[in-house]
>>> print(open('model-v8.cif').read())   # mmCIF, C-alpha atoms
data_target
loop_
_atom_site.label_atom_id
_atom_site.label_comp_id
_atom_site.auth_asym_id
_atom_site.auth_seq_id
_atom_site.Cartn_x
_atom_site.Cartn_y
_atom_site.Cartn_z
CA MET A 28 -71.95 27.95 33.37
CA ARG A 29 -69.84 24.82 33.31
CA PHE A 30 -66.60 23.98 35.08
CA ASP A 31 -64.47 20.94 34.33
CA VAL A 32 -61.91 20.07 36.99
CA ILE A 33 -58.95 17.80 36.32
CA SER A 34 -57.83 16.26 39.60
CA LEU A 35 -56.34 13.06 40.97
CA PHE A 36 -58.72 13.49 43.92
CA PRO A 37 -62.19 14.31 42.54
CA ALA A 38 -63.84 13.51 45.88
CA TYR A 39 -62.55 16.88 47.13
CA PHE A 40 -65.32 18.57 45.14
CA GLU A 41 -68.42 16.62 46.23
CA PRO A 42 -69.07 18.73 49.36
CA LEU A 43 -69.18 21.89 47.25
CA LYS A 44 -72.20 20.54 45.38
CA HIS A 45 -74.11 19.34 48.42
CA HIS A 46 -73.40 21.68 51.34
CA GLY A 47 -73.60 25.37 52.20
CA VAL A 48 -74.76 28.22 50.02
CA SER A 49 -72.75 26.90 47.06
CA ARG A 50 -75.25 24.04 46.78
CA ARG A 51 -77.87 26.52 45.57
CA ALA A 52 -75.78 27.29 42.49
CA PHE A 53 -75.90 23.61 41.50
CA ASP A 54 -79.51 22.98 42.56
CA SER A 55 -80.64 25.92 40.43
CA GLY A 56 -78.67 24.67 37.42
CA GLN A 57 -76.67 27.87 37.18
CA MET A 58 -73.42 25.97 37.65
CA GLN A 59 -72.35 22.55 36.43
CA LEU A 60 -69.24 20.80 37.73
CA HIS A 61 -67.61 17.82 36.02
CA CYS A 62 -64.55 16.14 37.55
CA TRP A 63 -62.00 14.22 35.49
CA ASN A 64 -59.22 11.99 36.83
CA PRO A 65 -56.20 11.92 34.49
CA ARG A 66 -55.45 8.36 35.63
CA ASP A 67 -58.48 7.33 33.57
CA PHE A 68 -56.63 8.50 30.46
CA THR A 69 -53.38 6.59 30.93
CA THR A 70 -52.42 3.58 28.80
CA ASP A 71 -50.13 1.56 31.08
CA ALA A 72 -51.07 -1.04 33.69
CA HIS A 73 -49.91 1.16 36.56
CA ARG A 74 -51.96 4.19 35.40
CA THR A 75 -48.83 6.34 35.61
CA ILE A 76 -49.37 10.09 35.64
CA ASP A 77 -45.93 11.35 36.73
CA ASP A 78 -42.21 10.76 36.21
CA ARG A 79 -38.81 12.05 37.36
CA PRO A 80 -37.76 15.51 36.10
CA TYR A 81 -35.10 15.86 33.43
CA GLY A 82 -32.01 17.46 34.91
CA GLY A 83 -32.57 15.79 38.26
CA GLY A 84 -33.91 17.28 41.45
CA PRO A 85 -36.49 16.31 44.06
CA GLY A 86 -40.08 15.32 43.40
CA MET A 87 -41.97 14.18 40.35
CA VAL A 88 -43.54 16.00 37.39
CA MET A 89 -47.00 15.30 35.96
CA LEU A 90 -46.85 13.79 32.48
CA ALA A 91 -48.17 15.81 29.55
CA GLU A 92 -49.87 12.98 27.66
CA PRO A 93 -52.52 11.89 30.21
CA LEU A 94 -53.43 15.51 30.83
CA GLU A 95 -53.70 16.23 27.11
CA ARG A 96 -55.97 13.21 26.64
CA THR A 97 -58.11 14.44 29.51
CA LEU A 98 -58.40 17.87 27.90
CA ASP A 99 -59.38 16.25 24.60
CA ALA A 100 -62.10 14.24 26.36
CA ILE A 101 -63.42 17.39 28.03
CA ALA A 102 -63.53 19.24 24.70
CA ASP A 103 -65.43 16.32 23.12
CA ASP A 104 -67.87 16.16 26.03
CA ARG A 105 -68.53 19.87 25.82
CA ARG A 106 -69.25 19.57 22.10
CA HIS A 107 -71.66 16.68 22.61
CA ALA A 108 -73.41 18.62 25.39
CA SER A 109 -73.58 21.77 23.24
CA SER A 110 -71.58 23.58 25.91
CA PRO A 111 -69.27 26.39 24.78
CA GLN A 112 -65.57 25.62 24.79
CA ALA A 113 -63.83 27.31 27.71
CA PRO A 114 -60.30 28.45 28.61
CA VAL A 115 -57.95 26.09 30.42
CA TRP A 116 -56.51 27.42 33.67
CA LEU A 117 -53.72 25.79 35.66
CA PHE A 118 -53.29 26.36 39.38
CA SER A 119 -49.63 27.22 39.94
CA PRO A 120 -47.60 29.26 42.47
CA THR A 121 -46.19 31.16 39.49
CA GLY A 122 -49.62 32.24 38.25
CA ARG A 123 -51.64 35.44 38.61
CA ARG A 124 -53.01 35.81 42.11
CA ILE A 125 -56.78 35.36 42.27
CA ASP A 126 -58.65 38.52 43.23
CA GLN A 127 -62.26 39.69 43.30
CA ARG A 128 -62.02 41.16 39.81
CA LEU A 129 -61.00 37.79 38.36
CA VAL A 130 -63.84 36.10 40.25
CA GLU A 131 -66.38 38.63 38.96
CA ASP A 132 -65.19 38.17 35.37
CA LEU A 133 -65.40 34.40 35.73
CA ALA A 134 -68.92 34.62 37.18
CA ARG A 135 -70.03 36.39 33.98
CA SER A 136 -68.41 33.79 31.71
CA ASP A 137 -69.31 30.33 30.43
CA GLY A 138 -66.88 28.74 32.89
CA ALA A 139 -63.44 27.18 32.57
CA THR A 140 -61.43 23.98 32.70
CA LEU A 141 -59.30 23.90 35.84
CA ILE A 142 -56.19 21.76 36.15
CA CYS A 143 -55.25 20.88 39.73
CA ALA A 144 -51.55 20.06 39.53
CA ARG A 145 -49.71 17.90 42.05
CA TYR A 146 -46.08 17.04 42.85
CA GLU A 147 -43.49 19.49 41.47
CA GLY A 148 -45.82 20.65 38.72
CA VAL A 149 -46.73 19.86 35.12
CA ASP A 150 -44.54 19.22 32.08
CA GLN A 151 -44.05 22.68 30.59
CA ARG A 152 -44.91 21.41 27.12
CA LEU A 153 -48.49 20.71 28.21
CA ILE A 154 -48.68 24.27 29.56
CA ASP A 155 -47.28 25.71 26.34
CA ARG A 156 -49.69 23.72 24.19
CA ARG A 157 -52.97 23.81 26.08
CA VAL A 158 -53.05 26.18 29.07
CA HIS A 159 -54.46 29.68 28.57
CA ALA A 160 -53.63 31.08 32.01
CA GLU A 161 -51.93 30.13 35.27
CA ILE A 162 -53.54 31.31 38.51
CA SER A 163 -52.59 31.15 42.19
CA LEU A 164 -54.42 31.36 45.49
CA GLY A 165 -51.58 33.30 47.08
CA ASP A 166 -47.88 33.56 47.72
CA PHE A 167 -47.53 30.14 49.32
CA VAL A 168 -47.36 26.53 48.14
CA LEU A 169 -50.09 23.90 48.53
CA SER A 170 -49.83 20.15 48.00
CA GLY A 171 -52.11 20.47 45.00
CA GLY A 172 -54.55 22.74 43.21
CA GLU A 173 -57.72 21.26 44.71
CA ILE A 174 -58.00 23.66 47.65
CA ALA A 175 -57.38 26.62 45.36
CA ALA A 176 -60.00 25.34 42.91
CA LEU A 177 -62.55 24.94 45.71
CA ALA A 178 -61.87 28.49 46.87
CA LEU A 179 -62.30 29.87 43.36
CA LEU A 180 -65.51 27.93 42.69
CA ASP A 181 -67.01 28.95 46.03
CA ALA A 182 -66.21 32.61 45.34
CA VAL A 183 -67.90 32.37 41.92
CA CYS A 184 -70.97 30.64 43.39
CA ARG A 185 -71.59 33.55 45.75
CA LEU A 186 -71.96 35.97 42.85
CA LEU A 187 -74.65 34.00 41.02
CA PRO A 188 -78.25 35.24 41.34
CA GLY A 189 -80.19 33.74 44.24
CA VAL A 190 -77.25 31.92 45.84
CA LEU A 191 -76.97 34.35 48.75
CA GLY A 192 -80.00 35.34 50.78
CA SER A 193 -79.57 38.95 49.68
CA ALA A 194 -77.98 40.22 46.49
CA ASP A 195 -76.53 43.11 48.52
CA SER A 196 -74.40 40.66 50.54
CA ALA A 197 -71.95 40.06 47.70
CA GLN A 198 -71.93 43.72 46.69
CA GLN A 199 -70.89 44.77 50.21
CA ASP A 200 -68.19 42.12 50.68
CA SER A 201 -64.54 43.03 51.04
CA PHE A 202 -62.91 43.99 47.72
CA SER A 203 -66.22 44.35 45.85
CA ASN A 204 -65.92 48.14 46.00
CA GLY A 205 -62.14 48.15 46.26
CA LEU A 206 -62.09 48.38 50.07
CA LEU A 207 -62.14 45.95 52.97
CA ASP A 208 -65.54 45.41 54.53
CA CYS A 209 -66.54 47.36 57.65
CA PRO A 210 -67.10 45.68 61.07
CA HIS A 211 -70.51 44.13 61.77
CA TYR A 212 -72.54 43.82 64.98
CA THR A 213 -75.66 41.98 66.12
CA ARG A 214 -77.60 41.45 69.37
CA PRO A 215 -77.17 42.01 72.26
CA GLU A 216 -76.55 45.75 72.24
CA ASN A 217 -74.05 45.38 75.08
CA TYR A 218 -71.75 42.38 75.31
CA GLN A 219 -69.03 41.87 77.93
CA GLY A 220 -68.78 45.62 78.46
CA LEU A 221 -68.60 46.40 74.74
CA SER A 222 -71.39 48.37 73.04
CA VAL A 223 -72.58 48.58 69.47
CA PRO A 224 -71.42 51.88 67.88
CA ALA A 225 -74.00 54.61 68.33
CA ALA A 226 -74.27 55.30 64.59
CA LEU A 227 -75.66 51.81 63.96
CA LEU A 228 -78.38 52.37 66.58
CA SER A 229 -79.40 55.78 65.28
CA GLY A 230 -81.86 54.67 62.61
CA ASP A 231 -80.39 57.37 60.37
CA HIS A 232 -79.56 55.56 57.12
CA ALA A 233 -77.28 58.31 55.84
CA ARG A 234 -75.33 58.34 59.11
CA ILE A 235 -75.06 54.54 59.08
CA ALA A 236 -73.82 54.54 55.47
CA GLN A 237 -71.22 57.19 56.31
CA TRP A 238 -70.05 55.25 59.38
CA ARG A 239 -69.66 52.05 57.35
CA ARG A 240 -67.78 53.83 54.60
CA GLU A 241 -65.43 55.48 57.07
CA GLN A 242 -64.80 52.20 58.89
CA SER A 243 -63.99 50.50 55.57
CA LEU A 244 -61.57 53.30 54.74
CA ARG A 245 -59.98 53.11 58.20
CA LEU A 246 -59.55 49.33 58.11
CA THR A 247 -58.23 49.33 54.55
CA LEU A 248 -55.71 52.06 55.34
CA GLN A 249 -54.50 50.11 58.38
CA ARG A 250 -54.26 46.68 56.76
CA ARG A 251 -54.07 47.14 52.98
CA PRO A 252 -52.87 50.69 52.25
CA GLU A 253 -52.01 49.73 48.67
CA LEU A 254 -55.75 49.36 47.98
CA ILE A 255 -56.30 52.97 49.05
CA ALA A 256 -53.52 54.06 46.69
CA GLN A 257 -55.08 52.08 43.84
CA MET A 258 -58.50 53.61 44.44
CA ARG A 259 -57.06 57.11 44.55
CA ALA A 260 -55.13 56.52 41.32
CA GLY A 261 -58.34 55.30 39.71
CA GLY A 262 -60.35 58.33 40.87
CA LEU A 263 -62.58 56.14 43.05
CA LEU A 264 -62.21 58.14 46.27
CA SER A 265 -64.55 61.05 46.87
CA GLN A 266 -63.50 64.32 48.44
CA ASN A 267 -65.26 63.23 51.62
CA ASP A 268 -63.22 60.00 51.55
CA LEU A 269 -59.99 61.93 51.16
CA ARG A 270 -60.87 64.37 53.94
CA PHE A 271 -61.60 61.47 56.30
CA LEU A 272 -58.39 59.68 55.34
CA GLN A 273 -56.42 62.83 56.01
CA THR A 274 -57.75 62.83 59.58
CA LEU A 275 -56.14 59.39 59.88
CA GLY A 276 -52.79 60.69 58.68
CA TYR A 277 -53.11 59.53 55.07
CA THR A 278 -50.98 61.24 52.44
CA SER A 279 -50.59 60.48 48.77
CA SER A 280 -47.21 58.90 49.48
CA VAL A 281 -48.81 56.04 51.45
#
>>> encode(input="model-v8.cif", output="structure tokens")
Amino acid sequence: MRFDVISLFPAYFEPLKHHGVSRRAFDSGQMQLHCWNPRDFTTDAHRTIDDRPYGGGPGMVMLAEPLERTLDAIADDRRHASSPQAPVWLFSPTGRRIDQRLVEDLARSDGATLICARYEGVDQRLIDRRVHAEISLGDFVLSGGEIAALALLDAVCRLLPGVLGSADSAQQDSFSNGLLDCPHYTRPENYQGLSVPAALLSGDHARIAQWRREQSLRLTLQRRPELIAQMRAGGLLSQNDLRFLQTLGYTSSV
């Protein structure tokens, strides 16, 4: 799997390759990351990559031509390396919000080229010509796409075989089964007057699994009720789930 990142600040991405669990994805060769600075593909002495917007207004807009040259260089490099061509994604507040399903699909793919925009954005003509999808980290605005790209790449790394200590870790994360994750506890059994729930101390695996499922349902209903509605609409809630939710006051109108 190969990712090409277009960024004015490629140093953002070095820690991802050398620290934390994400490093295992690169050490194992499962993920490759190539960074490209569009300033290297300018033709003027000042290495200009932005200009004032037509129609006026604050801020600057990234020029189409340096970005297009960068994309051409990436396509050539992929061909020479016998790497499959990949879709081009632009980080933008107007894009589809990243979720676990998108991350899982990306983890099963050959990768992508990620454009980390800056300033007021990118000349729309570059988007129309070369971008396959626009994606967003959330309903807020960042100074650039680098932080969003790091978040996406880290999320993908965690799903690759051998990156986490246990394959079950990723499968039990929030959103992997449509729900938020349940609370977790470790030693000591009693801390500052608070005890570990009895079910987790019982040694009864069925009871523990039921407790965790119910806590996930409870937390999701409290904090993200729309996820419960989506799971019910998709037939992903069992009768036991529905009975437990009803004890919490859940109705189909939630």
>>> closest_residue(input="model-v8.cif", among="A:Glu92, A:Glu41, A:Asp71, A:Asp231", to="A:Ile154", atoms="all atoms listed in the file")
A:Glu92
>>> resolve_selection(input="model-v8.cif", expression="the PyMOL selection byres ((chain A and resi 112) around 9)", output="VMD selection string")
chain A and resid 102 105 to 106 110 to 111 113 to 114 137 to 139
>>> closest_residue(input="model-v8.cif", among="A:Gln219, A:Ser170, A:Gln127, A:Thr278", to="A:Leu206", atoms="all atoms listed in the file")
A:Gln127
>>> atom_distance(input="model-v8.cif", atom1="atom CA of A:His211", atom2="atom CA of A:Val48")
20.2 Å
>>> atom_distance(input="model-v8.cif", atom1="atom CA of A:Tyr81", atom2="atom CA of A:Gly148")
12.9 Å
>>> closest_residue(input="model-v8.cif", among="A:Phe53, A:Trp238, A:Tyr146, A:Phe36", to="A:Pro80", atoms="all atoms listed in the file")
A:Tyr146
>>> resolve_selection(input="model-v8.cif", expression="the PyMOL selection byres ((chain A and resi 257) around 12)", output="list of chain:residue names")
A:Phe202, A:Asn204, A:Gly205, A:Leu206, A:Thr247, A:Leu248, A:Arg251, A:Pro252, A:Glu253, A:Leu254, A:Ile255, A:Ala256, A:Met258, A:Arg259, A:Ala260, A:Gly261, A:Gly262, A:Leu263, A:Leu264, A:Ser279, A:Ser280, A:Val281
>>> closest_residue(input="model-v8.cif", among="A:Asp67, A:Gly86, A:Leu227, A:Asp77", to="A:Arg239", atoms="all atoms listed in the file")
A:Leu227
>>> resolve_selection(input="model-v8.cif", expression="the PyMOL selection byres ((chain A and resi 121) around 8)", output="PyMOL selection string")
chain A and resi 119-120+122-123+161-163
>>> closest_residue(input="model-v8.cif", among="A:Arg157, A:Ala72, A:Arg51, A:Thr140", to="A:Glu95", atoms="all atoms listed in the file")
A:Arg157
>>> atom_distance(input="model-v8.cif", atom1="atom CA of A:Leu191", atom2="atom CA of A:Ala176")
20.1 Å
>>> build_atoms(input="model-v8.cif", residues="stretch 38-60 of chain A", atoms="N, CA and C atoms", output="CSV table (one decimal), in the frame of the given file")
chain,number,residue,atom,x,y,z
A,38,ALA,N,-63.0,13.5,44.7
A,38,ALA,CA,-63.8,13.5,45.9
A,38,ALA,C,-63.8,14.8,46.7
A,39,TYR,N,-62.7,15.6,46.5
A,39,TYR,CA,-62.6,16.9,47.1
A,39,TYR,C,-63.8,17.8,46.8
A,40,PHE,N,-64.4,17.6,45.6
A,40,PHE,CA,-65.3,18.6,45.1
A,40,PHE,C,-66.8,18.2,45.4
A,41,GLU,N,-67.0,17.0,45.9
A,41,GLU,CA,-68.4,16.6,46.2
A,41,GLU,C,-69.1,17.5,47.3
A,42,PRO,N,-68.4,17.9,48.4
A,42,PRO,CA,-69.1,18.7,49.4
A,42,PRO,C,-69.5,20.1,48.8
A,43,LEU,N,-68.8,20.6,47.8
A,43,LEU,CA,-69.2,21.9,47.2
A,43,LEU,C,-70.6,21.8,46.6
A,44,LYS,N,-70.9,20.7,46.1
A,44,LYS,CA,-72.2,20.5,45.4
A,44,LYS,C,-73.4,20.2,46.3
A,45,HIS,N,-73.0,19.8,47.5
A,45,HIS,CA,-74.1,19.3,48.4
A,45,HIS,C,-74.2,20.1,49.7
A,46,HIS,N,-73.4,21.0,50.0
A,46,HIS,CA,-73.4,21.7,51.3
A,46,HIS,C,-73.2,23.2,51.2
A,47,GLY,N,-73.8,23.9,52.2
A,47,GLY,CA,-73.6,25.4,52.2
A,47,GLY,C,-74.3,26.1,51.1
A,48,VAL,N,-74.1,27.4,51.0
A,48,VAL,CA,-74.8,28.2,50.0
A,48,VAL,C,-74.4,27.8,48.6
A,49,SER,N,-73.2,27.3,48.4
A,49,SER,CA,-72.8,26.9,47.1
A,49,SER,C,-73.7,25.9,46.4
A,50,ARG,N,-74.3,25.1,47.3
A,50,ARG,CA,-75.2,24.0,46.8
A,50,ARG,C,-76.4,24.7,45.9
A,51,ARG,N,-76.8,25.9,46.3
A,51,ARG,CA,-77.9,26.5,45.6
A,51,ARG,C,-77.5,26.8,44.1
A,52,ALA,N,-76.2,27.0,43.9
A,52,ALA,CA,-75.8,27.3,42.5
A,52,ALA,C,-76.0,26.0,41.6
A,53,PHE,N,-75.7,24.9,42.2
A,53,PHE,CA,-75.9,23.6,41.5
A,53,PHE,C,-77.4,23.2,41.4
A,54,ASP,N,-78.1,23.3,42.6
A,54,ASP,CA,-79.5,23.0,42.6
A,54,ASP,C,-80.3,23.8,41.5
A,55,SER,N,-79.9,25.0,41.4
A,55,SER,CA,-80.6,25.9,40.4
A,55,SER,C,-80.2,25.7,39.0
A,56,GLY,N,-79.2,24.9,38.8
A,56,GLY,CA,-78.7,24.7,37.4
A,56,GLY,C,-77.8,25.8,36.9
A,57,GLN,N,-77.5,26.8,37.7
A,57,GLN,CA,-76.7,27.9,37.2
A,57,GLN,C,-75.2,27.4,37.0
A,58,MET,N,-74.8,26.5,37.8
A,58,MET,CA,-73.4,26.0,37.6
A,58,MET,C,-73.4,24.5,37.5
A,59,GLN,N,-72.6,24.0,36.6
A,59,GLN,CA,-72.4,22.6,36.4
A,59,GLN,C,-70.9,22.3,36.7
A,60,LEU,N,-70.6,21.2,37.4
A,60,LEU,CA,-69.2,20.8,37.7
A,60,LEU,C,-69.0,19.4,37.3
